[in-house]
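Just data_35.txt here, compact mmCIF, C-alpha atoms and all ligand atoms:
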```txt
# COMPACT_ATOMS: atom_id res chain seq x y z
CA MET H 732 24.53 -0.19 -15.97
CA THR H 733 24.65 -3.54 -14.23
CA ASP H 734 22.51 -6.35 -15.62
CA ARG H 735 20.17 -6.06 -12.66
CA LYS H 736 19.78 -2.34 -13.10
CA GLU H 737 19.04 -2.78 -16.81
CA GLU H 738 16.47 -5.47 -16.03
CA ILE H 739 14.71 -3.31 -13.44
CA ALA H 740 14.83 -0.26 -15.70
CA ALA H 741 13.21 -2.20 -18.53
CA ASN H 742 10.49 -3.60 -16.24
CA LEU H 743 9.88 -0.17 -14.75
CA ALA H 744 9.49 1.32 -18.24
CA ARG H 745 6.90 -1.34 -19.12
CA VAL H 746 4.94 -0.70 -15.93
CA GLU H 747 5.14 3.04 -16.54
CA GLU H 748 3.70 2.48 -20.04
CA ARG H 749 0.87 0.39 -18.60
CA ILE H 750 0.00 3.07 -16.04
CA ALA H 751 0.16 5.82 -18.66
CA ALA H 752 -2.04 3.83 -21.05
CA ALA H 753 -4.55 3.07 -18.28
CA CYS H 754 -4.68 6.75 -17.31
CA ALA H 755 -5.19 7.78 -20.94
CA ALA H 756 -7.95 5.19 -21.41
CA ALA H 757 -9.70 6.48 -18.27
CA GLY H 758 -9.30 10.14 -19.21
CA ARG H 759 -7.12 10.68 -16.16
CA ALA H 760 -3.89 12.68 -15.95
CA ARG H 761 -0.82 10.50 -15.41
CA ASP H 762 0.07 12.42 -12.26
CA GLU H 763 -3.18 11.34 -10.57
CA VAL H 764 -1.64 7.89 -10.03
CA THR H 765 1.42 7.21 -7.88
CA LEU H 766 3.46 4.05 -8.38
CA ILE H 767 4.54 2.29 -5.20
CA VAL H 768 7.05 -0.50 -5.88
CA VAL H 769 6.60 -3.46 -3.52
CA THR H 770 10.13 -4.55 -2.64
CA LYS H 771 9.28 -7.41 -0.25
CA THR H 772 11.70 -10.35 -0.49
CA PHE H 773 14.11 -8.32 -2.66
CA PRO H 774 17.40 -6.99 -1.27
CA ALA H 775 18.27 -3.45 -0.24
CA SER H 776 20.50 -3.27 -3.33
CA ASP H 777 17.35 -3.42 -5.47
CA VAL H 778 15.78 -0.61 -3.44
CA ARG H 779 18.90 1.45 -4.13
CA ILE H 780 18.60 0.75 -7.86
CA LEU H 781 14.93 1.75 -7.81
CA SER H 782 15.85 5.01 -6.14
CA GLU H 783 18.53 5.67 -8.78
CA LEU H 784 15.88 5.05 -11.43
CA GLY H 785 13.62 7.69 -9.92
CA VAL H 786 11.23 5.62 -7.79
CA ARG H 787 10.12 7.57 -4.71
CA HIS H 788 7.69 5.14 -3.02
CA VAL H 789 8.46 1.61 -1.89
CA ALA H 790 6.39 -0.88 0.12
CA GLU H 791 7.09 -3.81 2.40
CA ASN H 792 4.80 -6.31 4.12
CA ARG H 793 6.92 -7.89 6.88
CA ASP H 794 8.63 -5.83 9.54
CA GLN H 795 11.44 -8.39 10.01
CA ASP H 796 12.56 -7.78 6.42
CA ALA H 797 11.55 -4.15 6.13
CA ALA H 798 13.27 -2.72 9.20
CA PRO H 799 16.85 -3.64 8.21
CA LYS H 800 16.18 -2.71 4.58
CA ALA H 801 14.81 0.72 5.51
CA ALA H 802 17.83 1.26 7.77
CA ALA H 803 20.22 0.29 4.96
CA CYS H 804 18.45 2.76 2.64
CA SER H 805 17.92 5.62 5.07
CA ASP H 806 20.12 7.91 2.96
CA LEU H 807 17.72 7.63 0.00
CA PRO H 808 14.82 10.03 -0.73
CA LEU H 809 12.14 7.35 -0.33
CA SER H 810 8.72 7.12 1.28
CA TRP H 811 8.16 3.75 2.94
CA HIS H 812 4.74 2.15 2.86
CA PHE H 813 3.77 -0.77 5.06
CA VAL H 814 1.20 -3.00 3.31
CA GLY H 815 1.15 -6.27 5.31
CA GLN H 816 -0.94 -7.51 8.17
CA LEU H 817 0.47 -5.75 11.19
CA GLN H 818 0.76 -7.27 14.65
CA THR H 819 0.72 -4.80 17.50
CA ASN H 820 4.09 -6.02 18.82
CA LYS H 821 5.69 -4.87 15.54
CA VAL H 822 4.19 -1.38 15.58
CA ARG H 823 7.03 0.33 17.42
CA SER H 824 9.50 -0.86 14.81
CA VAL H 825 7.23 -0.06 11.83
CA VAL H 826 6.57 3.47 13.09
CA GLY H 827 10.34 3.99 13.01
CA TYR H 828 10.45 3.96 9.19
CA ALA H 829 6.94 3.82 7.70
CA ASP H 830 5.44 7.00 6.34
CA VAL H 831 2.12 5.34 5.52
CA VAL H 832 0.53 2.14 6.89
CA HIS H 833 -1.97 0.70 4.35
CA SER H 834 -3.23 -2.12 6.55
CA VAL H 835 -5.06 -0.41 9.40
CA ASP H 836 -7.98 -2.70 10.17
CA ARG H 837 -8.84 -2.74 13.86
CA ALA H 838 -9.21 -0.39 16.81
CA LYS H 839 -6.48 -2.04 18.87
CA LEU H 840 -4.00 -1.44 16.07
CA VAL H 841 -5.05 2.21 15.79
CA ASN H 842 -4.50 2.73 19.49
CA VAL H 843 -1.04 1.19 19.44
CA LEU H 844 -0.04 3.06 16.27
CA SER H 845 -1.09 6.32 17.90
CA LYS H 846 0.82 5.62 21.09
CA GLU H 847 4.00 4.68 19.22
CA ALA H 848 3.75 7.57 16.75
CA VAL H 849 3.48 10.01 19.63
CA ARG H 850 6.35 8.32 21.41
CA ALA H 851 8.53 8.56 18.27
CA GLY H 852 7.46 12.13 17.60
CA ARG H 853 6.26 11.12 14.13
CA GLU H 854 3.05 11.49 12.15
CA VAL H 855 2.02 8.25 10.48
CA GLY H 856 -0.36 8.21 7.51
CA CYS H 857 -3.06 5.56 7.80
CA LEU H 858 -5.17 3.83 5.18
CA ILE H 859 -8.10 1.72 6.32
CA GLN H 860 -7.73 -1.69 4.65
CA VAL H 861 -11.13 -2.81 3.38
CA ALA H 862 -11.91 -6.53 3.15
CA LEU H 863 -14.46 -6.86 0.35
CA ASP H 864 -14.57 -10.59 1.10
CA ALA H 865 -15.16 -10.25 4.84
CA GLY H 866 -17.36 -12.99 6.20
CA ALA H 867 -19.56 -12.97 9.26
CA SER H 868 -16.52 -12.17 11.40
CA GLY H 869 -16.36 -8.74 9.75
CA ARG H 870 -12.72 -9.37 8.84
CA GLY H 871 -10.93 -10.57 5.71
CA GLU H 872 -8.68 -13.60 5.36
CA ARG H 873 -5.75 -11.36 4.52
CA GLY H 874 -6.67 -8.64 6.99
CA GLY H 875 -8.98 -5.73 6.45
CA VAL H 876 -12.24 -4.60 7.93
CA ALA H 877 -15.65 -5.13 6.34
CA PRO H 878 -17.13 -2.11 4.52
CA GLU H 879 -19.59 -1.58 7.40
CA GLY H 880 -16.69 -1.06 9.78
CA VAL H 881 -14.82 1.58 7.78
CA ALA H 882 -16.51 4.75 9.07
CA GLU H 883 -16.03 3.96 12.75
CA LEU H 884 -12.38 3.03 12.30
CA ALA H 885 -11.75 6.11 10.17
CA ASP H 886 -13.20 8.37 12.87
CA LEU H 887 -10.96 6.69 15.42
CA VAL H 888 -7.84 7.27 13.28
CA ALA H 889 -8.82 10.88 12.59
CA GLY H 890 -9.19 11.52 16.30
CA SER H 891 -5.92 9.83 17.28
CA GLU H 892 -2.82 11.83 18.08
CA GLY H 893 0.16 11.10 15.84
CA LEU H 894 -1.98 9.63 13.05
CA ARG H 895 -3.24 11.12 9.81
CA LEU H 896 -6.19 9.55 8.02
CA ASP H 897 -5.09 9.30 4.38
CA GLY H 898 -7.74 7.06 2.80
CA LEU H 899 -8.54 3.46 1.89
CA MET H 900 -6.73 0.38 0.60
CA THR H 901 -7.85 -2.99 -0.68
CA VAL H 902 -6.54 -6.19 -2.24
CA ALA H 903 -8.87 -7.67 -4.89
CA PRO H 904 -10.56 -10.68 -3.25
CA LEU H 905 -9.82 -14.22 -4.45
CA THR H 906 -13.09 -15.54 -3.04
CA GLY H 907 -16.65 -14.34 -2.53
CA GLU H 908 -18.82 -12.14 -4.72
CA TYR H 909 -15.85 -10.16 -6.08
CA ALA H 910 -13.66 -13.13 -7.04
CA GLY H 911 -12.42 -12.56 -10.60
CA ARG H 912 -14.22 -9.18 -10.70
CA GLU H 913 -11.36 -6.81 -9.91
CA ARG H 914 -12.93 -3.83 -11.63
CA ALA H 915 -16.14 -4.21 -9.64
CA ALA H 916 -14.17 -4.63 -6.42
CA PHE H 917 -12.17 -1.45 -7.06
CA GLU H 918 -15.35 0.45 -7.97
CA ARG H 919 -16.85 -0.62 -4.65
CA LEU H 920 -13.72 0.72 -2.92
CA MET H 921 -14.16 4.03 -4.79
CA ASP H 922 -17.77 4.27 -3.56
CA LEU H 923 -16.53 3.72 -0.02
CA SER H 924 -13.90 6.42 -0.60
CA THR H 925 -16.61 8.85 -1.73
CA ASP H 926 -18.55 8.11 1.47
CA LEU H 927 -15.43 8.52 3.60
CA ARG H 928 -14.53 11.89 2.07
CA ARG H 929 -17.90 13.36 3.08
CA ASN H 930 -16.64 13.46 6.65
CA HIS H 931 -12.90 13.39 5.95
CA PRO H 932 -12.27 15.37 2.76
CA ALA H 933 -8.47 15.12 3.00
CA ALA H 934 -8.53 11.30 3.16
CA ASN H 935 -8.37 11.00 -0.62
CA MET H 936 -5.82 8.23 -1.13
CA VAL H 937 -7.15 5.08 -2.78
CA SER H 938 -4.56 2.29 -2.77
CA ALA H 939 -5.58 -0.52 -5.13
CA GLY H 940 -4.13 -2.56 -7.94
CA MET H 941 -1.07 -4.80 -8.17
CA SER H 942 0.94 -6.27 -11.06
CA ALA H 943 -1.98 -8.26 -12.43
CA ASP H 944 -4.78 -5.74 -12.07
CA LEU H 945 -3.33 -2.24 -12.06
CA GLU H 946 -5.33 -1.29 -15.19
CA GLN H 947 -8.63 -2.12 -13.49
CA ALA H 948 -7.59 -0.10 -10.44
CA VAL H 949 -6.61 2.95 -12.49
CA ALA H 950 -9.86 2.67 -14.46
CA ALA H 951 -11.84 2.67 -11.22
CA GLY H 952 -10.00 5.71 -9.84
CA ALA H 953 -7.13 4.44 -7.68
CA THR H 954 -4.59 7.09 -6.69
CA HIS H 955 -1.87 4.60 -5.70
CA VAL H 956 -0.97 1.26 -7.30
CA ARG H 957 1.27 -1.25 -5.47
CA VAL H 958 3.37 -3.15 -7.98
CA GLY H 959 5.92 -5.81 -7.08
CA SER H 960 6.65 -8.66 -9.48
CA ALA H 961 6.07 -6.66 -12.69
CA VAL H 962 8.99 -4.43 -11.67
CA LEU H 963 11.31 -6.73 -9.72
CA GLY H 964 10.49 -10.14 -11.16
CA VAL H 965 9.28 -13.36 -9.61
CA ARG H 966 9.77 -13.24 -5.87
CA PRO H 967 12.64 -15.40 -4.56
CA ARG H 968 10.38 -16.79 -1.85
CA LEU H 969 6.83 -16.38 -0.65
CA GLY H 970 6.25 -12.99 0.88
C1 LIG E 1001 2.95 -8.28 -2.60
C2 LIG E 1001 1.89 -7.25 -2.55
C3 LIG E 1001 1.64 -6.41 -3.65
C4 LIG E 1001 2.37 -6.54 -4.98
O1 LIG E 1001 1.99 -7.71 -5.62
P1 LIG E 1001 2.51 -8.07 -7.10
O2 LIG E 1001 1.52 -9.03 -7.59
O3 LIG E 1001 3.88 -8.64 -6.94
O4 LIG E 1001 2.52 -6.80 -7.87
C5 LIG E 1001 0.68 -5.42 -3.50
N1 LIG E 1001 -0.01 -5.28 -2.35
C6 LIG E 1001 0.21 -6.06 -1.29
C7 LIG E 1001 -0.61 -5.84 -0.06
C8 LIG E 1001 1.16 -7.06 -1.35
O5 LIG E 1001 1.35 -7.85 -0.28
```
Can you give me the file's structure in the form of structure tokens?
Ligand SMILES: *Cc1c(COP(=O)(O)O)cnc(C)c1O
Amino acid sequence: MTDRKEEIAANLARVEERIAAACAAAGRARDEVTLIVVTKTFPASDVRILSELGVRHVAENRDQDAAPKAAACSDLPLSWHFVGQLQTNKVRSVVGYADVVHSVDRAKLVNVLSKEAVRAGREVGCLIQVALDAGASGRGERGGVAPEGVAELADLVAGSEGLRLDGLMTVAPLTGEYAGRERAAFERLMDLSTDLRRNHPAANMVSAGMSADLEQAVAAGATHVRVGSAVLGVRPRLG
């Protein structure tokens, strides 16, 4: 093994142990939680290593970086998740490789995603990104829609050709009532998921938890954790 592969394998094993321990502590089966490795800012060679080590889900947050990386790794058995704020002029490109978009947060974006998915002949999974720190604007600093806006947006996704409503996503807020209260934030997301599934029973994905707070997310009931730095190391640049 190369040094880099050994490093990633060791990190991956530690993250796997953390997920397994969190599942055990919560009385959940390990296979209820899917690890998505966030590969933003890291090269395609790292994505290839992850695939060799058995990772099946990777995530990116900027189309400029993700599109060439996904193209360079198109021979690998990977699902690509898009987790960043998404501008409508990037949707055509993102729909070309993303299996799931975690950052669906406004009607305009839903409409463009639908149009481009139909055009590409693809079905794109959509998670509504919830901003638990949304202010009066109804939107979060890092994207997302306020809890009050989830149901309407979910109905729009569910009724849009080319799109599949998969569930909800959040990033633990740094400010507002949930600052420093990751567990409470993720429990709020779970309550919103319960509400959502009354009308959309198949939309059962709950994407929450990152390197620093994956245990709290698993404890609350997350089905997908998005882990970057704990697997790949400190990011070479901001991303
Ligand atoms: C970067 C990022 C992650 C991973 O963060 P780490 O702290 O490196 O694990 C998860 N989710 C989103 C939306 C991200 O942008």
For the point (-12.2, 9.4, 0.1) in file coordinates, what residues are within 12 Å, counting only C-alpha atoms? Give the answer as a PDB file with C-alpha atoms, in the coordinates of the input?
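The result, stored in point24.pdb:
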```pdb
ATOM      1  CA  LEU H 858      -5.170   3.830   5.180  1.00  0.00           C
ATOM      2  CA  ILE H 859      -8.100   1.720   6.320  1.00  0.00           C
ATOM      3  CA  VAL H 881     -14.820   1.580   7.780  1.00  0.00           C
ATOM      4  CA  ALA H 882     -16.510   4.750   9.070  1.00  0.00           C
ATOM      5  CA  ALA H 885     -11.750   6.110  10.170  1.00  0.00           C
ATOM      6  CA  LEU H 896      -6.190   9.550   8.020  1.00  0.00           C
ATOM      7  CA  ASP H 897      -5.090   9.300   4.380  1.00  0.00           C
ATOM      8  CA  GLY H 898      -7.740   7.060   2.800  1.00  0.00           C
ATOM      9  CA  LEU H 899      -8.540   3.460   1.890  1.00  0.00           C
ATOM     10  CA  MET H 900      -6.730   0.380   0.600  1.00  0.00           C
ATOM     11  CA  LEU H 920     -13.720   0.720  -2.920  1.00  0.00           C
ATOM     12  CA  MET H 921     -14.160   4.030  -4.790  1.00  0.00           C
ATOM     13  CA  ASP H 922     -17.770   4.270  -3.560  1.00  0.00           C
ATOM     14  CA  LEU H 923     -16.530   3.720  -0.020  1.00  0.00           C
ATOM     15  CA  SER H 924     -13.900   6.420  -0.600  1.00  0.00           C
ATOM     16  CA  THR H 925     -16.610   8.850  -1.730  1.00  0.00           C
ATOM     17  CA  ASP H 926     -18.550   8.110   1.470  1.00  0.00           C
ATOM     18  CA  LEU H 927     -15.430   8.520   3.600  1.00  0.00           C
ATOM     19  CA  ARG H 928     -14.530  11.890   2.070  1.00  0.00           C
ATOM     20  CA  ARG H 929     -17.900  13.360   3.080  1.00  0.00           C
ATOM     21  CA  ASN H 930     -16.640  13.460   6.650  1.00  0.00           C
ATOM     22  CA  HIS H 931     -12.900  13.390   5.950  1.00  0.00           C
ATOM     23  CA  PRO H 932     -12.270  15.370   2.760  1.00  0.00           C
ATOM     24  CA  ALA H 933      -8.470  15.120   3.000  1.00  0.00           C
ATOM     25  CA  ALA H 934      -8.530  11.300   3.160  1.00  0.00           C
ATOM     26  CA  ASN H 935      -8.370  11.000  -0.620  1.00  0.00           C
ATOM     27  CA  MET H 936      -5.820   8.230  -1.130  1.00  0.00           C
ATOM     28  CA  VAL H 937      -7.150   5.080  -2.780  1.00  0.00           C
ATOM     29  CA  SER H 938      -4.560   2.290  -2.770  1.00  0.00           C
ATOM     30  CA  GLY H 952     -10.000   5.710  -9.840  1.00  0.00           C
ATOM     31  CA  ALA H 953      -7.130   4.440  -7.680  1.00  0.00           C
ATOM     32  CA  THR H 954      -4.590   7.090  -6.690  1.00  0.00           C
TER      33      THR H 954
END
```
May I have the residues within 9 Å of ligand LIG 1001 (chain E), computed using all atoms listed in the file, as a CSV table (one decimal) with C-alpha atoms, keeping the file's coordinate frame?
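Dumped to pocket_3.csv:
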```
chain,number,residue,atom,x,y,z
H,767,ILE,CA,4.5,2.3,-5.2
H,768,VAL,CA,7.0,-0.5,-5.9
H,769,VAL,CA,6.6,-3.5,-3.5
H,770,THR,CA,10.1,-4.6,-2.6
H,771,LYS,CA,9.3,-7.4,-0.2
H,790,ALA,CA,6.4,-0.9,0.1
H,791,GLU,CA,7.1,-3.8,2.4
H,792,ASN,CA,4.8,-6.3,4.1
H,813,PHE,CA,3.8,-0.8,5.1
H,814,VAL,CA,1.2,-3.0,3.3
H,815,GLY,CA,1.2,-6.3,5.3
H,816,GLN,CA,-0.9,-7.5,8.2
H,833,HIS,CA,-2.0,0.7,4.4
H,834,SER,CA,-3.2,-2.1,6.6
H,873,ARG,CA,-5.8,-11.4,4.5
H,900,MET,CA,-6.7,0.4,0.6
H,901,THR,CA,-7.8,-3.0,-0.7
H,902,VAL,CA,-6.5,-6.2,-2.2
H,938,SER,CA,-4.6,2.3,-2.8
H,939,ALA,CA,-5.6,-0.5,-5.1
H,940,GLY,CA,-4.1,-2.6,-7.9
H,941,MET,CA,-1.1,-4.8,-8.2
H,942,SER,CA,0.9,-6.3,-11.1
H,943,ALA,CA,-2.0,-8.3,-12.4
H,944,ASP,CA,-4.8,-5.7,-12.1
H,945,LEU,CA,-3.3,-2.2,-12.1
H,956,VAL,CA,-1.0,1.3,-7.3
H,957,ARG,CA,1.3,-1.2,-5.5
H,958,VAL,CA,3.4,-3.2,-8.0
H,959,GLY,CA,5.9,-5.8,-7.1
H,960,SER,CA,6.6,-8.7,-9.5
H,961,ALA,CA,6.1,-6.7,-12.7
H,962,VAL,CA,9.0,-4.4,-11.7
H,963,LEU,CA,11.3,-6.7,-9.7
H,964,GLY,CA,10.5,-10.1,-11.2
H,965,VAL,CA,9.3,-13.4,-9.6
H,966,ARG,CA,9.8,-13.2,-5.9
H,970,GLY,CA,6.2,-13.0,0.9
```
Interatomic distance, CA of Gly893 in chain H to CA of Glu763 in chain H (Å, one decimal): 26.6 Å
Thr733 in chain H: which residues within 12 Å, counting all atoms listed in the file, same-chain residues fewer than 6 positions away excluded, as an mmCIF file with C-alpha atoms, in the coordinates of the input?
```cif
data_model
loop_
_atom_site.group_PDB
_atom_site.id
_atom_site.type_symbol
_atom_site.label_atom_id
_atom_site.label_comp_id
_atom_site.auth_asym_id
_atom_site.auth_seq_id
_atom_site.Cartn_x
_atom_site.Cartn_y
_atom_site.Cartn_z
ATOM 1 C CA ILE H 739 14.710 -3.310 -13.440
ATOM 2 C CA ALA H 740 14.830 -0.260 -15.700
ATOM 3 C CA SER H 776 20.500 -3.270 -3.330
ATOM 4 C CA ASP H 777 17.350 -3.420 -5.470
ATOM 5 C CA ILE H 780 18.600 0.750 -7.860
#
```
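For Arg823 in chain H, the set of protein, DNA and RNA residues having any atom at most 10 Å away, when counting all atoms listed in the file and skipping those fewer than 3 positions along the same chain, is H:Thr819, H:Asn820, H:Val826, H:Gly827, H:Tyr828, H:Val843, H:Leu844, H:Lys846, H:Glu847, H:Ala848, H:Arg850, H:Ala851.
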Test item: residues at most 8 Å from range 799-807 of chain H, all atoms listed in the file, excluding those fewer than 4 positions along its chain, as an MDAnalysis selection string: chainID H and resid 774:775 778:779 782 795 811 828
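Distance annotation: of H:Leu784, H:Val764, H:Ala865, H:Ala755, the residue with the minimal separation from Arg735 in chain H is H:Leu784; atom set is all atoms listed in the file.
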Of the listed residues H:Lys839, H:Cys857, H:Val949, H:Pro967, that which approaches Ala756 in chain H most closely, counting all atoms listed in the file: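 Residue with the minimum atom-to-atom distance to Ala756 in chain H: H:Val949.
Residues in contact range of Ala951 in chain H, defined as at most 9 Å between all atoms listed in the file, with sequence neighbours fewer than 6 positions away removed, read Ala757, Arg914, Ala915, Phe917, Glu918, Arg919, Leu920 and Met921 of chain H.
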Atom-to-atom span, CA of Pro904 in chain H and CA of Glu747 in chain H, Å: 24.7 Å
H:Leu894, H:Ala797, H:Leu781, H:Leu863 ranked by distance to Gly880 in chain H, top pick (using only C-alpha atoms): H:Leu863
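Here CA of Val746 in chain H is placed at a distance of 13.7 Å from CA of Ala948 in chain H.
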Selection near Val876 in chain H, 7 Å with only C-alpha atoms, sequence-local residues under 4 positions removed, as JSON, numbers by chain: {"H": [836, 860, 861, 862, 869, 870, 871, 880, 881]}
Residue nearest His812 in chain H among H:Ala741, H:Val831, H:Ala877, H:Ala752 (counting only C-alpha atoms):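 Answer, going by the shortest atom-to-atom distance: H:Val831.
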Polymer residues at most 7 Å from (-8.7, 1.7, 12.3) by all atoms listed in the file, as an MDAnalysis selection string: chainID H and resid 835:838 840:841 859 884:885 887:888
Nearest to Ser845 in chain H, chosen from H:Glu738, H:Asp886, H:Glu892, H:Glu872, with only C-alpha atoms counted in the distances: H:Glu892
Is it possible to produce a file of range 881-965 of chain H from this structure, with C-alpha atoms, as an mmCIF file, in the first residue's frame?
```cif
data_model
loop_
_atom_site.group_PDB
_atom_site.id
_atom_site.type_symbol
_atom_site.label_atom_id
_atom_site.label_comp_id
_atom_site.auth_asym_id
_atom_site.auth_seq_id
_atom_site.Cartn_x
_atom_site.Cartn_y
_atom_site.Cartn_z
ATOM 1 C CA VAL H 881 -40.146 22.045 4.260
ATOM 2 C CA ALA H 882 -43.587 20.584 3.511
ATOM 3 C CA GLU H 883 -44.328 22.851 0.566
ATOM 4 C CA LEU H 884 -40.919 22.282 -1.016
ATOM 5 C CA ALA H 885 -41.179 18.527 -0.451
ATOM 6 C CA ASP H 886 -44.545 18.425 -2.224
ATOM 7 C CA LEU H 887 -43.035 20.346 -5.125
ATOM 8 C CA VAL H 888 -40.125 17.880 -5.431
ATOM 9 C CA ALA H 889 -42.447 14.884 -5.169
ATOM 10 C CA GLY H 890 -44.584 16.256 -7.981
ATOM 11 C CA SER H 891 -41.653 17.119 -10.263
ATOM 12 C CA GLU H 892 -40.700 14.907 -13.164
ATOM 13 C CA GLY H 893 -37.167 13.516 -13.012
ATOM 14 C CA LEU H 894 -36.866 14.039 -9.248
ATOM 15 C CA ARG H 895 -37.256 11.635 -6.345
ATOM 16 C CA LEU H 896 -37.924 12.967 -2.859
ATOM 17 C CA ASP H 897 -35.471 11.087 -0.621
ATOM 18 C CA GLY H 898 -35.645 12.979 2.687
ATOM 19 C CA LEU H 899 -33.999 15.738 4.704
ATOM 20 C CA MET H 900 -30.519 17.097 5.365
ATOM 21 C CA THR H 901 -29.078 19.586 7.808
ATOM 22 C CA VAL H 902 -25.793 21.062 9.005
ATOM 23 C CA ALA H 903 -25.680 21.719 12.764
ATOM 24 C CA PRO H 904 -26.061 25.498 13.194
ATOM 25 C CA LEU H 905 -23.175 27.595 14.524
ATOM 26 C CA THR H 906 -25.514 30.362 15.665
ATOM 27 C CA GLY H 907 -29.017 30.721 17.074
ATOM 28 C CA GLU H 908 -30.885 28.517 19.527
ATOM 29 C CA TYR H 909 -29.136 25.324 18.375
ATOM 30 C CA ALA H 910 -25.559 26.630 18.528
ATOM 31 C CA GLY H 911 -23.468 24.072 20.423
ATOM 32 C CA ARG H 912 -26.528 21.800 20.768
ATOM 33 C CA GLU H 913 -25.945 19.359 17.916
ATOM 34 C CA ARG H 914 -27.959 16.563 19.469
ATOM 35 C CA ALA H 915 -30.993 18.816 19.897
ATOM 36 C CA ALA H 916 -30.616 20.108 16.349
ATOM 37 C CA PHE H 917 -30.506 16.582 14.923
ATOM 38 C CA GLU H 918 -33.506 15.551 17.042
ATOM 39 C CA ARG H 919 -35.430 18.492 15.601
ATOM 40 C CA LEU H 920 -34.485 17.263 12.116
ATOM 41 C CA MET H 921 -35.773 13.773 13.038
ATOM 42 C CA ASP H 922 -39.110 15.275 14.148
ATOM 43 C CA LEU H 923 -39.344 17.053 10.806
ATOM 44 C CA SER H 924 -38.543 13.752 9.077
ATOM 45 C CA THR H 925 -41.368 12.046 10.972
ATOM 46 C CA ASP H 926 -43.748 14.785 9.809
ATOM 47 C CA LEU H 927 -42.503 14.518 6.229
ATOM 48 C CA ARG H 928 -42.950 10.741 6.094
ATOM 49 C CA ARG H 929 -46.655 11.049 6.946
ATOM 50 C CA ASN H 930 -47.219 12.305 3.409
ATOM 51 C CA HIS H 931 -44.093 10.881 1.773
ATOM 52 C CA PRO H 932 -43.347 7.519 3.409
ATOM 53 C CA ALA H 933 -40.472 6.675 1.059
ATOM 54 C CA ALA H 934 -38.594 9.905 1.872
ATOM 55 C CA ASN H 935 -36.767 8.288 4.772
ATOM 56 C CA MET H 936 -33.204 9.532 4.327
ATOM 57 C CA VAL H 937 -31.892 11.738 7.124
ATOM 58 C CA SER H 938 -28.500 13.232 6.256
ATOM 59 C CA ALA H 939 -26.840 14.718 9.341
ATOM 60 C CA GLY H 940 -23.536 14.601 11.154
ATOM 61 C CA MET H 941 -19.986 15.391 10.057
ATOM 62 C CA SER H 942 -16.532 14.584 11.463
ATOM 63 C CA ALA H 943 -17.118 16.457 14.709
ATOM 64 C CA ASP H 944 -20.685 15.421 15.475
ATOM 65 C CA LEU H 945 -21.423 12.112 13.795
ATOM 66 C CA GLU H 946 -22.126 10.436 17.168
ATOM 67 C CA GLN H 947 -24.871 12.945 17.988
ATOM 68 C CA ALA H 948 -26.392 12.433 14.540
ATOM 69 C CA VAL H 949 -26.398 8.646 14.836
ATOM 70 C CA ALA H 950 -27.884 8.919 18.329
ATOM 71 C CA ALA H 951 -30.697 11.092 16.982
ATOM 72 C CA GLY H 952 -31.460 8.694 14.121
ATOM 73 C CA ALA H 953 -29.535 9.890 11.060
ATOM 74 C CA THR H 954 -29.410 7.419 8.180
ATOM 75 C CA HIS H 955 -26.483 9.107 6.405
ATOM 76 C CA VAL H 956 -23.417 10.799 7.900
ATOM 77 C CA ARG H 957 -21.182 13.058 5.762
ATOM 78 C CA VAL H 958 -17.595 12.762 6.922
ATOM 79 C CA GLY H 959 -14.666 14.604 5.351
ATOM 80 C CA SER H 960 -11.661 15.560 7.454
ATOM 81 C CA ALA H 961 -11.817 12.547 9.810
ATOM 82 C CA VAL H 962 -11.202 10.314 6.779
ATOM 83 C CA LEU H 963 -9.074 12.432 4.446
ATOM 84 C CA GLY H 964 -7.322 14.794 6.846
ATOM 85 C CA VAL H 965 -7.190 18.549 7.117
#
```
